[in-house]
$ cat query.txt   # compact mmCIF, C-alpha atoms and all ligand atoms
# COMPACT_ATOMS: atom_id res chain seq x y z
CA MET A 1 18.47 86.73 82.57
CA GLY A 2 16.91 83.71 80.90
CA PHE A 3 16.83 79.99 81.17
CA THR A 4 18.76 77.57 79.02
CA THR A 5 16.85 76.65 75.88
CA ALA A 6 15.16 73.25 76.08
CA SER A 7 16.95 70.30 74.50
CA GLN A 8 15.20 68.21 71.84
CA THR A 9 16.24 64.88 70.41
CA ILE A 10 18.86 64.83 67.66
CA GLY A 11 16.54 62.44 65.80
CA PRO A 12 17.40 59.85 63.17
CA TYR A 13 18.47 62.23 60.40
CA TRP A 14 21.48 64.05 61.92
CA HIS A 15 23.74 62.34 59.35
CA ILE A 16 22.72 65.17 57.02
CA ILE A 17 25.50 67.15 58.76
CA GLU A 18 27.85 64.22 59.28
CA ASP A 19 31.47 64.46 58.16
CA LYS A 20 33.23 61.12 58.61
CA ALA A 21 36.58 62.90 58.87
CA LEU A 22 35.58 64.21 62.31
CA ALA A 23 36.01 60.70 63.75
CA ASP A 24 39.78 61.01 63.38
CA LEU A 25 41.21 63.61 65.76
CA THR A 26 44.70 62.92 64.40
CA ARG A 27 43.81 64.00 60.86
CA PHE A 28 45.81 67.22 61.11
CA GLY A 29 49.01 65.37 61.85
CA ALA A 30 49.03 65.51 65.63
CA GLU A 31 51.87 63.57 67.18
CA GLY A 32 51.49 61.36 70.21
CA GLU A 33 50.23 57.95 71.21
CA ARG A 34 47.51 57.24 68.68
CA ILE A 35 44.60 55.17 69.97
CA VAL A 36 41.24 53.96 68.75
CA LEU A 37 38.24 54.35 71.06
CA THR A 38 35.49 51.99 70.03
CA GLY A 39 32.41 50.39 71.53
CA ARG A 40 28.78 49.61 71.00
CA VAL A 41 25.74 51.59 72.09
CA LEU A 42 22.99 49.25 73.29
CA ASP A 43 19.42 49.89 74.42
CA GLY A 44 17.44 48.35 77.29
CA ASP A 45 16.87 45.16 75.29
CA GLY A 46 20.55 44.87 74.45
CA ALA A 47 19.71 45.83 70.87
CA PRO A 48 22.15 48.04 68.98
CA CYS A 49 21.43 51.75 68.67
CA SER A 50 22.34 52.16 65.03
CA ASP A 51 21.58 55.85 64.61
CA ALA A 52 23.43 57.45 67.52
CA CYS A 53 25.96 60.26 67.42
CA ILE A 54 28.96 59.96 69.70
CA GLU A 55 31.02 63.06 70.43
CA ILE A 56 34.22 63.13 72.46
CA TRP A 57 36.14 65.96 74.08
CA GLN A 58 39.47 65.81 75.87
CA THR A 59 41.59 68.53 77.44
CA ASP A 60 44.80 66.55 77.11
CA PRO A 61 46.75 66.81 74.87
CA PRO A 62 45.67 70.45 74.75
CA GLN A 63 43.73 71.68 71.74
CA SER A 64 46.09 73.02 69.05
CA ASP A 65 46.35 73.61 65.32
CA THR A 66 47.09 69.93 64.84
CA PHE A 67 44.82 68.46 67.54
CA PRO A 68 41.16 69.54 67.80
CA GLY A 69 40.46 67.68 71.06
CA TRP A 70 36.93 67.07 69.80
CA GLY A 71 35.50 64.46 67.47
CA ARG A 72 32.24 62.94 66.32
CA ALA A 73 31.31 59.49 65.05
CA ASN A 74 28.17 57.66 64.07
CA THR A 75 27.12 54.25 65.28
CA ASP A 76 26.67 51.59 62.61
CA ALA A 77 24.13 48.77 62.19
CA THR A 78 25.76 46.89 65.07
CA GLY A 79 25.69 49.97 67.31
CA ALA A 80 29.45 50.36 66.99
CA PHE A 81 31.32 53.66 66.95
CA ARG A 82 35.00 54.16 66.26
CA LEU A 83 37.13 57.23 66.92
CA THR A 84 40.86 57.75 66.46
CA THR A 85 42.56 60.12 68.87
CA LEU A 86 45.63 60.62 71.05
CA LYS A 87 45.81 58.97 74.44
CA PRO A 88 45.30 61.62 77.09
CA GLY A 89 47.54 62.02 80.10
CA PRO A 90 46.50 63.03 83.62
CA VAL A 91 44.32 66.14 83.92
CA ALA A 92 44.24 68.63 86.78
CA GLY A 93 41.21 68.20 89.02
CA ARG A 94 39.56 70.57 91.44
CA GLY A 95 41.69 71.95 94.20
CA ASN A 96 44.94 70.02 94.37
CA THR A 97 43.51 66.82 93.02
CA GLN A 98 44.58 65.05 89.88
CA GLN A 99 42.28 63.23 87.49
CA ALA A 100 43.20 60.00 85.77
CA PRO A 101 43.49 60.15 81.98
CA HIS A 102 40.00 60.31 80.53
CA ILE A 103 37.92 61.35 77.53
CA ALA A 104 34.50 62.95 77.94
CA VAL A 105 31.81 61.22 75.90
CA CYS A 106 28.52 62.76 74.78
CA ILE A 107 25.78 60.44 73.49
CA LEU A 108 23.01 61.82 71.27
CA SER A 109 20.34 59.78 69.53
CA ARG A 110 16.77 59.36 68.51
CA GLY A 111 14.89 58.48 71.69
CA LEU A 112 17.15 60.66 73.83
CA MET A 113 15.48 63.98 74.58
CA HIS A 114 18.72 65.28 76.09
CA HIS A 115 22.26 64.22 75.39
CA LEU A 116 23.89 61.88 77.90
CA VAL A 117 27.39 62.36 79.25
CA THR A 118 29.85 59.77 80.45
CA ARG A 119 33.61 59.33 80.48
CA ALA A 120 36.09 56.85 79.08
CA TYR A 121 38.90 56.04 81.50
CA PHE A 122 41.62 53.51 80.71
CA GLN A 123 41.99 50.18 82.47
CA HIS A 124 45.17 49.63 84.55
CA GLU A 125 45.96 53.35 84.88
CA PRO A 126 47.36 53.71 88.41
CA LEU A 127 45.64 57.08 88.80
CA ASN A 128 42.24 55.40 88.40
CA GLU A 129 42.55 54.36 92.07
CA THR A 130 42.50 57.98 93.22
CA ASP A 131 40.50 59.72 90.50
CA PRO A 132 37.86 61.83 92.29
CA LEU A 133 35.01 60.80 90.00
CA LEU A 134 35.85 57.09 89.92
CA VAL A 135 36.29 57.04 93.69
CA SER A 136 32.85 58.66 94.10
CA ILE A 137 31.19 55.71 92.37
CA GLU A 138 31.00 53.16 95.17
CA ASP A 139 29.77 50.11 93.26
CA PRO A 140 32.73 48.53 91.41
CA ALA A 141 30.44 47.20 88.67
CA GLN A 142 29.07 50.67 88.03
CA ARG A 143 32.56 52.16 88.14
CA ALA A 144 33.67 49.65 85.51
CA THR A 145 31.14 51.07 83.03
CA LEU A 146 33.43 54.11 82.70
CA ILE A 147 36.64 52.17 82.13
CA ALA A 148 37.66 51.29 78.59
CA VAL A 149 39.43 47.96 78.22
CA PRO A 150 42.22 47.15 75.78
CA GLU A 151 40.97 45.09 72.88
CA ALA A 152 44.10 45.06 70.75
CA THR A 153 47.25 47.12 70.64
CA GLY A 154 46.12 50.74 70.77
CA VAL A 155 42.44 49.83 70.61
CA TRP A 156 40.24 50.57 73.63
CA ARG A 157 36.66 49.39 74.02
CA LEU A 158 33.94 51.15 75.96
CA ASP A 159 30.44 49.80 75.48
CA ILE A 160 27.59 52.13 76.41
CA ARG A 161 24.43 50.57 77.81
CA LEU A 162 21.66 53.13 77.88
CA GLN A 163 19.30 51.19 80.14
CA GLY A 164 18.97 48.18 82.40
CA ASP A 165 21.51 45.47 83.16
CA ASN A 166 24.94 46.97 83.60
CA GLU A 167 23.60 50.41 82.68
CA THR A 168 26.38 52.91 82.03
CA VAL A 169 26.93 55.54 84.71
CA PHE A 170 25.81 58.81 83.15
CA LEU A 171 27.04 62.02 84.67
CA ASP A 172 25.18 65.09 85.87
CA VAL A 173 27.59 67.73 84.67
CA MET B 1 36.57 81.40 92.10
CA ASN B 2 33.58 79.43 90.96
CA SER B 3 33.31 79.15 87.20
CA ASP B 4 31.00 76.15 87.17
CA PHE B 5 28.02 76.15 84.86
CA ARG B 6 24.71 76.33 86.68
CA PRO B 7 22.32 73.39 86.81
CA TYR B 8 19.35 73.56 84.46
CA ALA B 9 16.35 75.35 85.99
CA ALA B 10 13.60 72.95 87.11
CA GLY B 11 11.16 71.99 84.37
CA THR B 12 13.00 73.76 81.56
CA GLN B 13 14.47 70.58 80.07
CA PRO B 14 12.55 67.52 78.87
CA PRO B 15 12.80 64.33 80.94
CA LEU B 16 14.54 61.32 79.40
CA ASP B 17 11.51 59.08 79.91
CA VAL B 18 8.69 60.41 77.74
CA PRO B 19 6.01 57.69 77.53
CA ASP B 20 4.24 59.40 74.62
CA TYR B 21 7.49 59.37 72.62
CA ARG B 22 7.97 55.65 72.12
CA GLY B 23 11.58 55.93 71.08
CA THR B 24 12.52 56.85 74.66
CA ALA B 25 11.14 53.59 76.14
CA LYS B 26 14.27 51.47 75.72
CA ARG B 27 16.79 54.28 75.52
CA HIS B 28 16.30 56.25 78.71
CA PRO B 29 18.58 55.36 81.62
CA LEU B 30 16.78 54.07 84.71
CA ARG B 31 19.31 55.33 87.25
CA ALA B 32 19.60 59.00 88.12
CA ARG B 33 22.58 60.78 86.66
CA HIS B 34 25.62 60.56 88.92
CA PRO B 35 26.41 63.93 90.46
CA MET B 36 29.92 65.23 89.96
CA PRO B 37 31.70 68.54 90.39
CA GLN B 38 32.65 70.12 87.07
CA THR B 39 36.33 70.01 86.15
CA ILE B 40 38.22 71.59 83.28
CA THR B 41 36.93 68.74 81.13
CA GLU B 42 33.44 70.18 81.52
CA THR B 43 34.19 73.92 81.85
CA THR B 44 36.26 74.11 78.67
CA GLY B 45 35.28 73.00 75.21
CA PRO B 46 36.24 72.75 71.57
CA ARG B 47 36.85 75.82 69.44
CA PHE B 48 35.82 75.60 65.81
CA SER B 49 37.39 77.68 63.06
CA GLU B 50 35.80 78.63 59.76
CA ARG B 51 38.95 77.31 58.13
CA HIS B 52 38.02 73.73 59.00
CA PHE B 53 34.26 74.28 59.23
CA PRO B 54 33.33 76.50 56.27
CA VAL B 55 30.26 78.70 56.58
CA MET B 56 27.18 77.43 54.72
CA ALA B 57 24.71 80.26 55.28
CA ASP B 58 22.66 79.73 52.14
CA MET B 59 20.91 76.37 52.18
CA THR B 60 18.63 77.23 49.24
CA LYS B 61 21.10 76.36 46.52
CA SER B 62 22.72 73.10 45.50
CA THR B 63 26.49 72.88 45.25
CA ASN B 64 26.22 73.67 41.53
CA GLY B 65 24.03 76.70 42.15
CA GLN B 66 20.60 75.28 41.33
CA ALA B 67 17.74 76.71 43.39
CA ALA B 68 15.87 74.42 45.79
CA LEU B 69 12.08 74.37 45.62
CA GLY B 70 9.95 75.85 48.36
CA GLU B 71 9.42 79.04 50.31
CA ARG B 72 12.68 80.87 51.08
CA ILE B 73 12.99 82.02 54.67
CA VAL B 74 15.63 83.83 56.69
CA VAL B 75 16.21 82.51 60.20
CA ALA B 76 18.16 84.80 62.51
CA GLY B 77 18.61 85.25 66.21
CA ARG B 78 20.94 85.82 69.07
CA ILE B 79 22.69 83.38 71.36
CA LEU B 80 22.99 84.58 74.93
CA ASP B 81 23.97 82.88 78.15
CA GLU B 82 21.60 82.77 81.13
CA ASP B 83 22.92 86.12 82.34
CA GLY B 84 22.17 87.81 79.02
CA ARG B 85 25.76 87.88 77.83
CA PRO B 86 26.26 87.20 74.11
CA VAL B 87 27.95 83.97 73.08
CA PRO B 88 30.35 85.19 70.37
CA HIS B 89 31.97 83.26 67.52
CA THR B 90 30.32 79.94 68.33
CA MET B 91 29.43 77.38 65.68
CA VAL B 92 25.80 76.66 64.84
CA GLU B 93 24.91 73.54 62.84
CA ILE B 94 21.56 73.26 61.07
CA TRP B 95 19.74 70.40 59.34
CA GLN B 96 16.20 69.94 58.15
CA ALA B 97 13.74 68.35 55.74
CA GLY B 98 12.97 70.02 52.43
CA ALA B 99 9.74 71.77 51.46
CA SER B 100 7.94 68.48 50.83
CA GLY B 101 8.73 67.15 54.30
CA ARG B 102 11.42 64.74 53.21
CA TYR B 103 15.03 64.53 54.38
CA ASP B 104 17.86 63.91 51.94
CA HIS B 105 18.69 60.84 54.01
CA PRO B 106 18.55 57.13 53.09
CA ALA B 107 16.51 56.29 56.19
CA ASP B 108 13.71 58.68 55.23
CA GLN B 109 11.10 56.59 53.41
CA HIS B 110 8.35 59.23 53.41
CA ASP B 111 6.64 59.13 50.02
CA ALA B 112 7.13 62.80 49.20
CA PRO B 113 9.13 64.19 46.28
CA ALA B 114 12.84 64.55 46.93
CA ASP B 115 14.48 67.79 45.81
CA PRO B 116 17.89 67.12 44.25
CA ASN B 117 18.83 70.75 44.89
CA PHE B 118 18.23 70.65 48.63
CA HIS B 119 20.48 68.66 50.97
CA GLY B 120 19.33 70.51 54.08
CA ASP B 121 22.58 71.21 55.90
CA GLY B 122 23.85 74.58 57.07
CA ARG B 123 26.56 75.99 59.29
CA VAL B 124 27.08 79.51 60.60
CA PHE B 125 29.01 81.24 63.37
CA THR B 126 27.73 83.93 65.70
CA ASP B 127 29.29 87.37 65.42
CA ALA B 128 30.88 89.27 68.32
CA ASP B 129 27.41 90.10 69.69
CA GLY B 130 26.08 86.54 69.47
CA ASN B 131 24.01 87.13 66.32
CA TYR B 132 23.57 84.49 63.64
CA SER B 133 21.57 84.34 60.41
CA PHE B 134 21.02 81.96 57.53
CA LEU B 135 18.84 81.50 54.49
CA THR B 136 16.90 78.31 53.93
CA ILE B 137 13.66 76.77 52.67
CA ARG B 138 10.70 76.43 54.98
CA PRO B 139 10.60 72.70 55.74
CA GLY B 140 7.47 70.61 55.40
CA ALA B 141 5.75 68.58 58.10
CA TYR B 142 6.31 64.83 57.88
CA PRO B 143 4.76 61.66 59.28
CA TRP B 144 6.61 59.42 61.72
CA PRO B 145 5.77 55.99 63.11
CA ASN B 146 5.34 56.99 66.78
CA HIS B 147 1.56 56.42 66.81
CA ARG B 148 -1.33 56.31 64.35
CA ASN B 149 -1.41 59.42 62.16
CA ALA B 150 1.61 60.95 63.90
CA TRP B 151 3.11 64.01 62.17
CA ARG B 152 6.07 66.06 63.26
CA PRO B 153 5.35 69.77 63.27
CA THR B 154 7.46 71.80 60.88
CA HIS B 155 10.88 72.16 62.50
CA ILE B 156 14.54 72.88 61.94
CA HIS B 157 17.23 70.97 63.87
CA PHE B 158 19.96 73.03 65.57
CA SER B 159 23.27 72.14 67.22
CA PHE B 160 25.03 74.64 69.49
CA PHE B 161 28.35 74.32 71.28
CA GLY B 162 28.94 77.48 73.31
CA PRO B 163 32.13 77.94 75.32
CA ALA B 164 32.31 74.56 77.07
CA PHE B 165 31.54 70.86 76.96
CA ALA B 166 28.86 71.68 79.57
CA THR B 167 27.05 74.11 77.24
CA ARG B 168 26.37 71.63 74.44
CA LEU B 169 22.80 71.95 73.20
CA ILE B 170 20.86 70.14 70.50
CA THR B 171 17.34 71.34 69.89
CA GLN B 172 14.61 71.95 67.34
CA MET B 173 13.02 75.22 66.24
CA TYR B 174 9.30 75.26 65.51
CA PHE B 175 7.12 77.69 63.58
CA PRO B 176 4.41 79.95 65.04
CA GLY B 177 0.82 78.86 64.55
CA ASP B 178 1.65 75.29 63.56
CA PRO B 179 -1.54 73.25 64.15
CA LEU B 180 0.53 70.11 64.80
CA LEU B 181 2.27 71.49 67.90
CA PRO B 182 -0.42 70.41 70.42
CA PHE B 183 -0.13 66.81 69.19
CA ASP B 184 3.65 66.41 69.11
CA PRO B 185 5.07 64.41 72.05
CA ILE B 186 8.59 65.70 71.39
CA PHE B 187 7.63 69.38 71.52
CA ASN B 188 5.32 68.81 74.49
CA SER B 189 7.83 66.86 76.57
CA THR B 190 9.31 69.95 78.22
CA PRO B 191 7.26 70.39 81.41
CA ASP B 192 7.57 74.17 81.72
CA VAL B 193 5.15 75.69 79.22
CA ALA B 194 7.12 78.91 78.80
CA ALA B 195 10.34 76.97 78.18
CA ARG B 196 8.52 74.79 75.64
CA ASN B 197 7.10 77.79 73.81
CA ARG B 198 10.51 79.41 73.56
CA LEU B 199 11.29 76.74 70.95
CA ILE B 200 8.77 78.44 68.66
CA ALA B 201 10.36 81.07 66.43
CA ASN B 202 8.69 84.46 66.02
CA PHE B 203 7.80 85.90 62.66
CA ASP B 204 9.85 89.11 62.38
CA LEU B 205 9.21 91.80 59.78
CA ALA B 206 12.61 93.33 60.54
CA ILE B 207 14.31 90.09 59.45
CA THR B 208 12.01 89.68 56.46
CA GLN B 209 13.69 90.73 53.22
CA PRO B 210 11.41 92.70 50.84
CA ASP B 211 10.43 90.85 47.69
CA PHE B 212 12.61 87.92 48.76
CA ALA B 213 11.98 85.94 51.96
CA LEU B 214 9.99 85.95 55.21
CA GLY B 215 12.08 86.28 58.37
CA TYR B 216 11.89 84.32 61.61
CA ARG B 217 13.67 85.09 64.87
CA PHE B 218 14.93 82.23 67.03
CA ASP B 219 16.86 83.34 70.09
CA VAL B 220 18.74 80.77 72.11
CA VAL B 221 20.06 80.68 75.68
CA LEU B 222 23.02 78.55 76.72
CA ARG B 223 23.99 77.71 80.31
CA GLY B 224 25.51 80.47 82.39
CA ARG B 225 28.32 80.36 84.93
CA GLY B 226 28.27 80.88 88.65
CA ALA B 227 25.55 80.99 91.25
CA THR B 228 22.02 81.77 90.18
CA PRO B 229 21.55 85.55 90.42
CA MET B 230 19.05 86.65 93.05
CA GLU B 231 15.65 87.57 91.66
CA GLY B 232 15.47 91.37 91.65
FE FE A 301 13.30 66.24 62.06
$ encode --input "query.txt" --output "structure tokens"
Amino acid sequence: MGFTTASQTIGPYWHIIEDKALADLTRFGAEGERIVLTGRVLDGDGAPCSDACIEIWQTDPPQSDTFPGWGRANTDATGAFRLTTLKPGPVAGRGNTQQAPHIAVCILSRGLMHHLVTRAYFQHEPLNETDPLLVSIEDPAQRATLIAVPEATGVWRLDIRLQGDNETVFLDV
Amino acid sequence: MNSDFRPYAAGTQPPLDVPDYRGTAKRHPLRARHPMPQTITETTGPRFSERHFPVMADMTKSTNGQAALGERIVVAGRILDEDGRPVPHTMVEIWQAGASGRYDHPADQHDAPADPNFHGDGRVFTDADGNYSFLTIRPGAYPWPNHRNAWRPTHIHFSFFGPAFATRLITQMYFPGDPLLPFDPIFNSTPDVAARNRLIANFDLAITQPDFALGYRFDVVLRGRGATPMEG
């Protein structure tokens, strides 16, 4: 047996492999409720992280020929990322529990030696009240860092604060 | 049934706060990561097909077939999980600087000659036994603004996915005997010395192709499932 290889930062030059098409998970014609997930990545000074890589993964709708379930986007000069996907429904949890609709979010950037993981939930989903992960975060302000808010029709905003005031809850998965 | 992925072994991963790597100062979270049981969101992951992600196993030629400058090398290795099981048919992404130590990237302002025939991106998939291989140019070292006279050791960036969201891994491969390694805060950030040194590829005569290119072996381990096996 061995140990998992050490992570190293993705650095500032990962755009060499970037394909902008990967930011649209509906590009193969998937049908469903199309949404935009957007937000800004900010550092401990509130300054934009303009060279980050944001990857998302969702298990609902299930991965298929028309829906990859996975996407990747860059952040721009203002720290903003923008992904187009399908709105997930509830997801089975452990045991007999049910999880509220959510999208897993992976944050990679220069200055991060290991990727960070968080989730985007959706404000006003009734299942948020009983979601096992959300319930396990006792502080409502911290819990709110995982809940995307509607910004316009079909557009959901989740800002990611890497450090300090209102720091995003990052998950030990 | 417990199909959770194991936690990382102590010391084998770099911390997020690395004072010698200035870029971490304002980007590392101050709170500990929130513990959570893995769910299917974490224990499953994307599958990538060569249909949508075409193989680019030869990085030494431009799209119109012109040869890039520099020393050709073959990099090959095997991807296993922590229990020694191969990780088959998983996508590997590669990016790097060219022979002069410059990236084909607008943010790279290093005053070294750009090579119009080298973009520096590659993509391969492991075979059924977890083996991968690609042909590239040995990258050059390059300066970076972390501290006075700071130079990154020669390295190749790698992205691995494995079977699940929980097995995502981004890392860098280094070259044996590089005199810059002792001075690099990124390489040295992993506390466990053995884990750190596993990021250094091995020169391998069996991978070396006669009259063509030197070969380097870079084996990779992704997280394994279940309880940690008892030491035998
Ligand atoms: Fe680099």
$ closest_atom_pairs --input "query.txt" --of "chain B" --to "ligand FE 301 (chain A)" --cutoff "9 Å" --atoms "only C-alpha atoms and all ligand atoms" --output "JSON lines"
{"residue": "B:Trp95", "atom": "CA", "partner": "A:FE301", "partner_atom": "FE", "distance": 8.1}
{"residue": "B:Gln96", "atom": "CA", "partner": "A:FE301", "partner_atom": "FE", "distance": 6.1}
{"residue": "B:Ala97", "atom": "CA", "partner": "A:FE301", "partner_atom": "FE", "distance": 6.7}
{"residue": "B:Tyr103", "atom": "CA", "partner": "A:FE301", "partner_atom": "FE", "distance": 8.1}
{"residue": "B:Ala141", "atom": "CA", "partner": "A:FE301", "partner_atom": "FE", "distance": 8.8}
{"residue": "B:Tyr142", "atom": "CA", "partner": "A:FE301", "partner_atom": "FE", "distance": 8.3}
{"residue": "B:Arg152", "atom": "CA", "partner": "A:FE301", "partner_atom": "FE", "distance": 7.3}
{"residue": "B:Pro153", "atom": "CA", "partner": "A:FE301", "partner_atom": "FE", "distance": 8.8}
{"residue": "B:Thr154", "atom": "CA", "partner": "A:FE301", "partner_atom": "FE", "distance": 8.1}
{"residue": "B:His155", "atom": "CA", "partner": "A:FE301", "partner_atom": "FE", "distance": 6.4}
{"residue": "B:Ile156", "atom": "CA", "partner": "A:FE301", "partner_atom": "FE", "distance": 6.8}
{"residue": "B:His157", "atom": "CA", "partner": "A:FE301", "partner_atom": "FE", "distance": 6.4}
{"residue": "B:Gln172", "atom": "CA", "partner": "A:FE301", "partner_atom": "FE", "distance": 7.9}
$ interface_residues --input "query.txt" --of "chain B" --to "chain A" --cutoff "7 Å" --atoms "all atoms listed in the file" --output "PyMOL selection string"
chain B and resi 8-9+12-16+23-24+26-30+33-36+38-39+41+46+82-84+95+105+120-121+166+169-172+195-196+220-223
$ write_last_selection --input "query.txt" --atoms "C-alpha atoms" --output "short mmCIF file (atom, residue, chain, number, x, y, z; two decimals), keeping the file's coordinate frame"
data_model
loop_
_atom_site.label_atom_id
_atom_site.label_comp_id
_atom_site.auth_asym_id
_atom_site.auth_seq_id
_atom_site.Cartn_x
_atom_site.Cartn_y
_atom_site.Cartn_z
CA TYR B 8 19.35 73.56 84.46
CA ALA B 9 16.35 75.35 85.99
CA THR B 12 13.00 73.76 81.56
CA GLN B 13 14.47 70.58 80.07
CA PRO B 14 12.55 67.52 78.87
CA PRO B 15 12.80 64.33 80.94
CA LEU B 16 14.54 61.32 79.40
CA GLY B 23 11.58 55.93 71.08
CA THR B 24 12.52 56.85 74.66
CA LYS B 26 14.27 51.47 75.72
CA ARG B 27 16.79 54.28 75.52
CA HIS B 28 16.30 56.25 78.71
CA PRO B 29 18.58 55.36 81.62
CA LEU B 30 16.78 54.07 84.71
CA ARG B 33 22.58 60.78 86.66
CA HIS B 34 25.62 60.56 88.92
CA PRO B 35 26.41 63.93 90.46
CA MET B 36 29.92 65.23 89.96
CA GLN B 38 32.65 70.12 87.07
CA THR B 39 36.33 70.01 86.15
CA THR B 41 36.93 68.74 81.13
CA PRO B 46 36.24 72.75 71.57
CA GLU B 82 21.60 82.77 81.13
CA ASP B 83 22.92 86.12 82.34
CA GLY B 84 22.17 87.81 79.02
CA TRP B 95 19.74 70.40 59.34
CA HIS B 105 18.69 60.84 54.01
CA GLY B 120 19.33 70.51 54.08
CA ASP B 121 22.58 71.21 55.90
CA ALA B 166 28.86 71.68 79.57
CA LEU B 169 22.80 71.95 73.20
CA ILE B 170 20.86 70.14 70.50
CA THR B 171 17.34 71.34 69.89
CA GLN B 172 14.61 71.95 67.34
CA ALA B 195 10.34 76.97 78.18
CA ARG B 196 8.52 74.79 75.64
CA VAL B 220 18.74 80.77 72.11
CA VAL B 221 20.06 80.68 75.68
CA LEU B 222 23.02 78.55 76.72
CA ARG B 223 23.99 77.71 80.31
#
$ residues_around --input "query.txt" --residues "Asn146 (chain B)" --least-positions-apart "5" --cutoff "10 Å" --atoms "all atoms listed in the file" --output "number ranges by chain"
B: 20-23, 151-152, 184-185
$ write_last_selection --input "query.txt" --atoms "C-alpha atoms" --output "PDB file, in the coordinates of the input"
ATOM      1  CA  ASP B  20       4.240  59.400  74.620  1.00  0.00           C
ATOM      2  CA  TYR B  21       7.490  59.370  72.620  1.00  0.00           C
ATOM      3  CA  ARG B  22       7.970  55.650  72.120  1.00  0.00           C
ATOM      4  CA  GLY B  23      11.580  55.930  71.080  1.00  0.00           C
ATOM      5  CA  TRP B 151       3.110  64.010  62.170  1.00  0.00           C
ATOM      6  CA  ARG B 152       6.070  66.060  63.260  1.00  0.00           C
ATOM      7  CA  ASP B 184       3.650  66.410  69.110  1.00  0.00           C
ATOM      8  CA  PRO B 185       5.070  64.410  72.050  1.00  0.00           C
TER       9      PRO B 185
END
$ closest_residue --input "query.txt" --among "A:Gln123, A:Asn166, A:Thr145, A:Thr153" --to "Arg34 (chain A)" --atoms "only C-alpha atoms"
A:Thr153
$ residues_around --input "query.txt" --residues "Glu129 (chain A)" --least-positions-apart "5" --cutoff "9 Å" --atoms "all atoms listed in the file" --output "list in words"
Ala100, Leu134 and Val135 of chain A
$ write_last_selection --input "query.txt" --atoms "C-alpha atoms" --output "compact mmCIF listing (two decimals), keeping the file's coordinate frame"
# COMPACT_ATOMS: atom_id res chain seq x y z
CA ALA A 100 43.20 60.00 85.77
CA LEU A 134 35.85 57.09 89.92
CA VAL A 135 36.29 57.04 93.69
$ residues_around --input "query.txt" --residues "region 70-78 of chain B" --least-positions-apart "6" --cutoff "9 Å" --atoms "all atoms listed in the file" --output "PDB file with C-alpha atoms, in the frame of the given file"
ATOM      1  CA  THR B  60      18.630  77.230  49.240  1.00  0.00           C
ATOM      2  CA  PRO B  86      26.260  87.200  74.110  1.00  0.00           C
ATOM      3  CA  VAL B  87      27.950  83.970  73.080  1.00  0.00           C
ATOM      4  CA  GLY B  98      12.970  70.020  52.430  1.00  0.00           C
ATOM      5  CA  ALA B  99       9.740  71.770  51.460  1.00  0.00           C
ATOM      6  CA  SER B 100       7.940  68.480  50.830  1.00  0.00           C
ATOM      7  CA  THR B 126      27.730  83.930  65.700  1.00  0.00           C
ATOM      8  CA  ASP B 129      27.410  90.100  69.690  1.00  0.00           C
ATOM      9  CA  GLY B 130      26.080  86.540  69.470  1.00  0.00           C
ATOM     10  CA  ASN B 131      24.010  87.130  66.320  1.00  0.00           C
ATOM     11  CA  TYR B 132      23.570  84.490  63.640  1.00  0.00           C
ATOM     12  CA  SER B 133      21.570  84.340  60.410  1.00  0.00           C
ATOM     13  CA  PHE B 134      21.020  81.960  57.530  1.00  0.00           C
ATOM     14  CA  LEU B 135      18.840  81.500  54.490  1.00  0.00           C
ATOM     15  CA  THR B 136      16.900  78.310  53.930  1.00  0.00           C
ATOM     16  CA  ILE B 137      13.660  76.770  52.670  1.00  0.00           C
ATOM     17  CA  ARG B 138      10.700  76.430  54.980  1.00  0.00           C
ATOM     18  CA  PRO B 139      10.600  72.700  55.740  1.00  0.00           C
ATOM     19  CA  ALA B 201      10.360  81.070  66.430  1.00  0.00           C
ATOM     20  CA  ILE B 207      14.310  90.090  59.450  1.00  0.00           C
ATOM     21  CA  THR B 208      12.010  89.680  56.460  1.00  0.00           C
ATOM     22  CA  GLN B 209      13.690  90.730  53.220  1.00  0.00           C
ATOM     23  CA  PHE B 212      12.610  87.920  48.760  1.00  0.00           C
ATOM     24  CA  ALA B 213      11.980  85.940  51.960  1.00  0.00           C
ATOM     25  CA  LEU B 214       9.990  85.950  55.210  1.00  0.00           C
ATOM     26  CA  GLY B 215      12.080  86.280  58.370  1.00  0.00           C
ATOM     27  CA  TYR B 216      11.890  84.320  61.610  1.00  0.00           C
ATOM     28  CA  ARG B 217      13.670  85.090  64.870  1.00  0.00           C
ATOM     29  CA  PHE B 218      14.930  82.230  67.030  1.00  0.00           C
ATOM     30  CA  ASP B 219      16.860  83.340  70.090  1.00  0.00           C
ATOM     31  CA  VAL B 220      18.740  80.770  72.110  1.00  0.00           C
ATOM     32  CA  VAL B 221      20.060  80.680  75.680  1.00  0.00           C
TER      33      VAL B 221
END
$ atom_distance --input "query.txt" --atom1 "CA of Thr44 (chain B)" --atom2 "CA of Thr167 (chain B)"
9.3 Å
$ atom_distance --input "query.txt" --atom1 "CA of Ile160 (chain A)" --atom2 "CA of Thr66 (chain A)"
28.8 Å
$ residues_around --input "query.txt" --residues "Thr75 (chain A)" --least-positions-apart "2" --cutoff "6 Å" --atoms "all atoms listed in the file" --output "list in words"
Ser50, Asp51, Ala52, Gly79, Ala80 and Phe81 of chain A
$ atom_distance --input "query.txt" --atom1 "CA of Glu55 (chain A)" --atom2 "CA of Pro101 (chain A)"
17.2 Å
$ closest_residue --input "query.txt" --among "B:Asp127, B:Asp204, B:Asp115, B:Asp4" --to "Gly226 (chain B)" --atoms "all atoms listed in the file"
B:Asp4
$ residues_around --input "query.txt" --residues "Thr90 (chain B)" --least-positions-apart "4" --cutoff "7 Å" --atoms "all atoms listed in the file" --output "CSV table (one decimal) with C-alpha atoms, in the frame of the given file"
chain,number,residue,atom,x,y,z
B,125,PHE,CA,29.0,81.2,63.4
B,126,THR,CA,27.7,83.9,65.7
B,161,PHE,CA,28.4,74.3,71.3
B,162,GLY,CA,28.9,77.5,73.3
